[in-house]
$ cat coords.cif   # mmCIF, C-alpha atoms
data_entry
#
loop_
_atom_site.label_atom_id
_atom_site.label_comp_id
_atom_site.auth_asym_id
_atom_site.auth_seq_id
_atom_site.Cartn_x
_atom_site.Cartn_y
_atom_site.Cartn_z
CA MET H 284 -21.47 -1.56 14.62
CA LEU H 285 -21.00 -5.29 15.20
CA ILE H 286 -18.24 -6.45 17.48
CA PRO H 287 -16.64 -9.74 16.39
CA LEU H 288 -17.20 -12.63 18.80
CA ARG H 289 -14.24 -14.16 20.56
CA ARG H 290 -13.56 -17.76 19.66
CA SER H 291 -14.96 -19.12 22.93
CA ALA H 292 -17.91 -16.72 23.23
CA GLN H 293 -20.50 -19.22 21.98
CA THR H 294 -21.17 -22.81 22.92
CA ASP H 295 -20.87 -25.58 20.36
CA GLU H 296 -24.64 -25.83 20.32
CA GLN H 297 -25.05 -22.11 19.58
CA LEU H 298 -22.49 -22.34 16.79
CA MET H 299 -24.25 -25.36 15.32
CA LEU H 300 -27.56 -23.49 15.32
CA ARG H 301 -25.86 -20.67 13.41
CA ALA H 302 -24.31 -23.21 11.02
CA ALA H 303 -27.74 -24.78 10.51
CA ARG H 304 -28.98 -21.35 9.43
CA GLY H 305 -26.19 -21.12 6.86
CA SER H 306 -23.23 -19.59 8.71
CA ASP H 307 -20.07 -21.11 7.27
CA ARG H 308 -18.04 -19.09 9.78
CA ALA H 309 -19.79 -20.84 12.68
CA PHE H 310 -19.19 -24.22 11.08
CA GLU H 311 -15.52 -23.37 10.58
CA GLU H 312 -15.27 -22.51 14.28
CA LEU H 313 -16.73 -25.92 15.18
CA TYR H 314 -14.23 -27.58 12.88
CA ASN H 315 -11.35 -25.67 14.47
CA ARG H 316 -12.55 -26.63 17.96
CA HIS H 317 -13.03 -30.33 17.34
CA ALA H 318 -11.05 -31.58 14.32
CA ARG H 319 -7.77 -32.28 16.13
CA ARG H 320 -9.35 -34.25 18.96
CA LEU H 321 -11.61 -36.13 16.54
CA GLN H 322 -8.60 -37.05 14.42
CA GLY H 323 -6.92 -38.42 17.57
CA PHE H 324 -10.01 -40.51 18.25
CA PHE H 325 -9.85 -41.95 14.73
CA ALA H 326 -6.10 -42.56 14.96
CA ARG H 327 -6.58 -44.59 18.13
CA ARG H 328 -9.52 -46.53 16.70
CA LEU H 329 -7.98 -47.12 13.26
CA GLY H 330 -4.56 -48.45 14.29
CA SER H 331 -2.60 -45.17 14.30
CA ASP H 332 -3.04 -44.65 10.56
CA SER H 333 -2.82 -40.85 10.47
CA ASP H 334 -3.84 -40.57 6.80
CA LEU H 335 -6.94 -42.68 7.35
CA ALA H 336 -7.71 -40.75 10.56
CA ALA H 337 -7.48 -37.47 8.63
CA ASP H 338 -9.77 -38.86 5.91
CA PHE H 339 -12.32 -40.01 8.49
CA THR H 340 -12.14 -36.64 10.28
CA HIS H 341 -12.89 -34.79 7.05
CA ASP H 342 -15.63 -37.28 6.15
CA THR H 343 -17.22 -36.73 9.56
CA PHE H 344 -17.31 -32.98 9.08
CA LEU H 345 -18.58 -33.34 5.51
CA ARG H 346 -21.46 -35.46 6.81
CA LEU H 347 -22.07 -33.01 9.62
CA TYR H 348 -22.13 -30.14 7.13
CA ALA H 349 -24.51 -32.00 4.83
CA ALA H 350 -26.87 -32.65 7.76
CA ARG H 351 -26.44 -29.24 9.45
CA GLU H 352 -30.01 -28.18 8.72
CA LYS H 353 -31.30 -31.22 10.64
CA TYR H 354 -29.68 -30.04 13.87
CA LYS H 355 -32.28 -29.60 16.60
CA GLU H 356 -31.91 -26.97 19.29
CA GLY H 357 -31.01 -28.52 22.63
CA ARG H 358 -29.20 -31.49 21.09
CA ASN H 359 -25.69 -32.07 22.47
CA PHE H 360 -23.32 -31.17 19.64
CA ARG H 361 -20.41 -33.35 20.80
CA ALA H 362 -22.67 -36.38 21.12
CA TRP H 363 -23.97 -35.79 17.59
CA LEU H 364 -20.43 -35.36 16.22
CA TYR H 365 -19.22 -38.57 17.87
CA THR H 366 -22.34 -40.43 16.74
CA ILE H 367 -21.27 -39.73 13.18
CA ALA H 368 -17.67 -40.72 13.98
CA TYR H 369 -18.79 -43.88 15.78
CA ASN H 370 -20.93 -44.94 12.83
CA LEU H 371 -18.08 -44.32 10.38
CA CYS H 372 -15.81 -46.57 12.45
CA LYS H 373 -18.49 -49.20 12.83
CA ASN H 374 -19.06 -49.29 9.07
CA HIS H 375 -15.33 -49.36 8.39
CA PHE H 376 -14.82 -52.35 10.67
CA ARG H 377 -17.86 -54.11 9.32
CA ASN H 378 -16.43 -53.74 5.81
CA GLN H 379 -12.93 -54.72 6.91
CA PHE H 380 -13.91 -57.61 9.20
CA THR H 381 -11.60 -60.18 7.61
CA LEU H 382 -8.62 -57.83 7.66
CA VAL H 383 -9.25 -56.88 11.28
CA ALA H 384 -9.48 -60.55 12.30
CA GLU H 385 -6.09 -61.24 10.70
CA GLU H 386 -4.54 -58.21 12.44
CA LYS H 387 -5.91 -59.36 15.80
CA GLU H 388 -4.18 -62.71 15.34
CA ASP H 389 -0.90 -60.97 14.48
CA VAL H 390 -1.16 -58.68 17.50
CA ALA H 391 -1.99 -61.58 19.81
CA ALA H 392 1.13 -63.43 18.61
CA ASP H 393 3.32 -60.41 19.36
CA THR H 394 2.37 -59.84 23.01
CA ASP H 395 5.52 -61.27 24.64
CA ILE H 396 6.27 -58.24 26.81
CA GLU H 397 8.72 -58.39 29.71
CA LEU H 398 7.27 -58.39 33.22
CA ALA H 399 9.43 -55.51 34.45
CA MET H 400 8.33 -52.43 32.55
CA ASP H 401 8.17 -48.67 32.78
CA ALA H 402 5.19 -46.39 32.13
CA SER H 403 5.69 -46.28 28.36
CA ILE H 404 5.62 -50.07 28.15
CA LEU H 405 2.43 -50.11 30.21
CA ARG H 406 0.81 -47.65 27.77
CA ASP H 407 1.88 -49.88 24.89
CA ALA H 408 0.42 -52.90 26.68
CA LEU H 409 -2.88 -51.11 27.20
CA ARG H 410 -2.96 -50.03 23.56
CA ASP H 411 -2.31 -53.66 22.56
CA ILE H 412 -5.09 -54.93 24.80
CA LEU H 413 -7.47 -52.37 23.32
CA ARG H 414 -6.54 -53.48 19.80
CA ARG H 415 -7.40 -57.07 20.67
CA LEU H 416 -10.77 -56.20 22.19
CA PRO H 417 -13.79 -56.59 19.97
CA GLN H 418 -14.28 -53.24 18.22
CA PRO H 419 -17.58 -52.38 19.96
CA GLN H 420 -15.90 -52.77 23.37
CA ALA H 421 -12.81 -50.82 22.34
CA MET H 422 -15.04 -48.10 20.95
CA LEU H 423 -16.98 -47.77 24.23
CA PHE H 424 -13.69 -47.58 26.16
CA SER H 425 -12.39 -44.91 23.83
CA LEU H 426 -15.55 -42.80 23.95
CA HIS H 427 -15.67 -42.88 27.76
CA TYR H 428 -12.06 -42.90 28.93
CA GLU H 429 -10.27 -41.16 26.07
CA GLU H 430 -12.92 -38.78 24.73
CA GLU H 431 -14.45 -38.30 28.20
CA LEU H 432 -18.05 -38.63 27.08
CA THR H 433 -20.69 -39.44 29.67
CA ILE H 434 -22.60 -42.71 29.87
CA ALA H 435 -25.71 -40.85 28.66
CA GLN H 436 -23.86 -39.43 25.64
CA ILE H 437 -22.41 -42.84 24.77
CA SER H 438 -25.87 -44.36 25.12
CA GLN H 439 -27.19 -41.82 22.64
CA ILE H 440 -24.27 -42.34 20.23
CA SER H 441 -24.35 -46.13 20.28
CA SER H 442 -28.15 -46.51 20.54
CA LEU H 443 -27.67 -48.72 23.61
CA PRO H 444 -29.48 -48.35 26.94
CA GLU H 445 -27.38 -46.63 29.62
CA GLY H 446 -27.38 -49.80 31.72
CA THR H 447 -25.93 -51.77 28.82
CA VAL H 448 -23.22 -49.16 28.30
CA LYS H 449 -22.30 -49.31 32.00
CA SER H 450 -22.29 -53.09 31.97
CA ARG H 451 -20.11 -53.30 28.88
CA LEU H 452 -17.69 -50.69 30.21
CA HIS H 453 -17.43 -52.66 33.45
CA LYS H 454 -16.70 -55.83 31.46
CA VAL H 455 -14.05 -54.01 29.41
CA MET H 456 -12.35 -52.70 32.54
CA ASN H 457 -12.34 -56.18 34.09
CA THR H 458 -10.80 -57.61 30.90
CA ILE H 459 -8.12 -54.92 30.90
CA LYS H 460 -7.35 -55.43 34.61
CA GLN H 461 -7.14 -59.18 34.10
CA GLN H 462 -4.78 -58.88 31.14
CA LEU H 463 -2.60 -56.32 32.92
CA GLN H 464 -2.15 -58.64 35.92
CA GLN H 465 0.78 -60.25 34.16
CA TYR H 466 2.69 -56.97 34.67
CA GLU H 467 2.26 -56.80 38.45
CA ASN H 468 5.45 -56.96 40.52
CA LYS H 469 6.01 -60.51 41.64
#
$ encode --input "coords.cif" --output "structure tokens"
Amino acid sequence: MLIPLRRSAQTDEQLMLRAARGSDRAFEELYNRHARRLQGFFARRLGSDSDLAADFTHDTFLRLYAAREKYKEGRNFRAWLYTIAYNLCKNHFRNQFTLVAEEKEDVAADTDIELAMDASILRDALRDILRRLPQPQAMLFSLHYEEELTIAQISQISSLPEGTVKSRLHKVMNTIKQQLQQYENK
């Protein structure tokens, strides 16, 4: 008699191996574990458009499902999932370059924020700064500080050397600190 597994009994990697062998139940478990967080990632990267974020989330899992048989044992599942998500965003922004450039100009014109602010205004300011960053930099910030991926995982996802990822993250943090200086108490 088989005893059903609890939801958290297997790692993502074990579930993906089962999915690669044809288990739709294992794939469904992966979807249930990661879809909400992935949709949040897309919402932050795609300008809070929840419909587009939902579409990209489903597209990511469709691509993952289509490539499930290519999964190699020992590969970090989350890094693979976010590689697909990263590439979808990269392609979206490449295709929408003109539109994004216009939006950046609009956002830059609307950044007259009062010096005295509370925590919610600071979050809005950070979100605004991230919107104005070049997409590759904003993406690295999001993967590391919002999705809590390691430098090694981001390196794998973005196909950049770890040193380059560290350097670019350092540059992003310096840019953010510099732009947030206007909000310091004077």
$ closest_residue --input "coords.cif" --among "H:Arg328, H:Phe360, H:Ala318, H:Phe339" --to "Asp295 (chain H)" --atoms "only C-alpha atoms"
H:Phe360
$ closest_residue --input "coords.cif" --among "H:Leu345, H:Leu423, H:Cys372, H:Leu364" --to "Ser441 (chain H)" --atoms "only C-alpha atoms"
H:Leu423
$ resolve_selection --input "coords.cif" --expression "the PyMOL selection byres ((chain H and resi 361) around 12)" --output "PyMOL selection string"
chain H and resi 294-296+298-299+313-314+316-318+320-321+347+357-360+362-369+426+430-433+436-437+439-440
$ residues_around --input "coords.cif" --residues "Lys454 (chain H)" --least-positions-apart "4" --cutoff "12 Å" --atoms "all atoms listed in the file" --output "ChimeraX atom specification"
/H:416-417,420-421,423-424,447-450,458-461
$ atom_distance --input "coords.cif" --atom1 "CA of Leu300 (chain H)" --atom2 "CA of Ala349 (chain H)"
13.8 Å
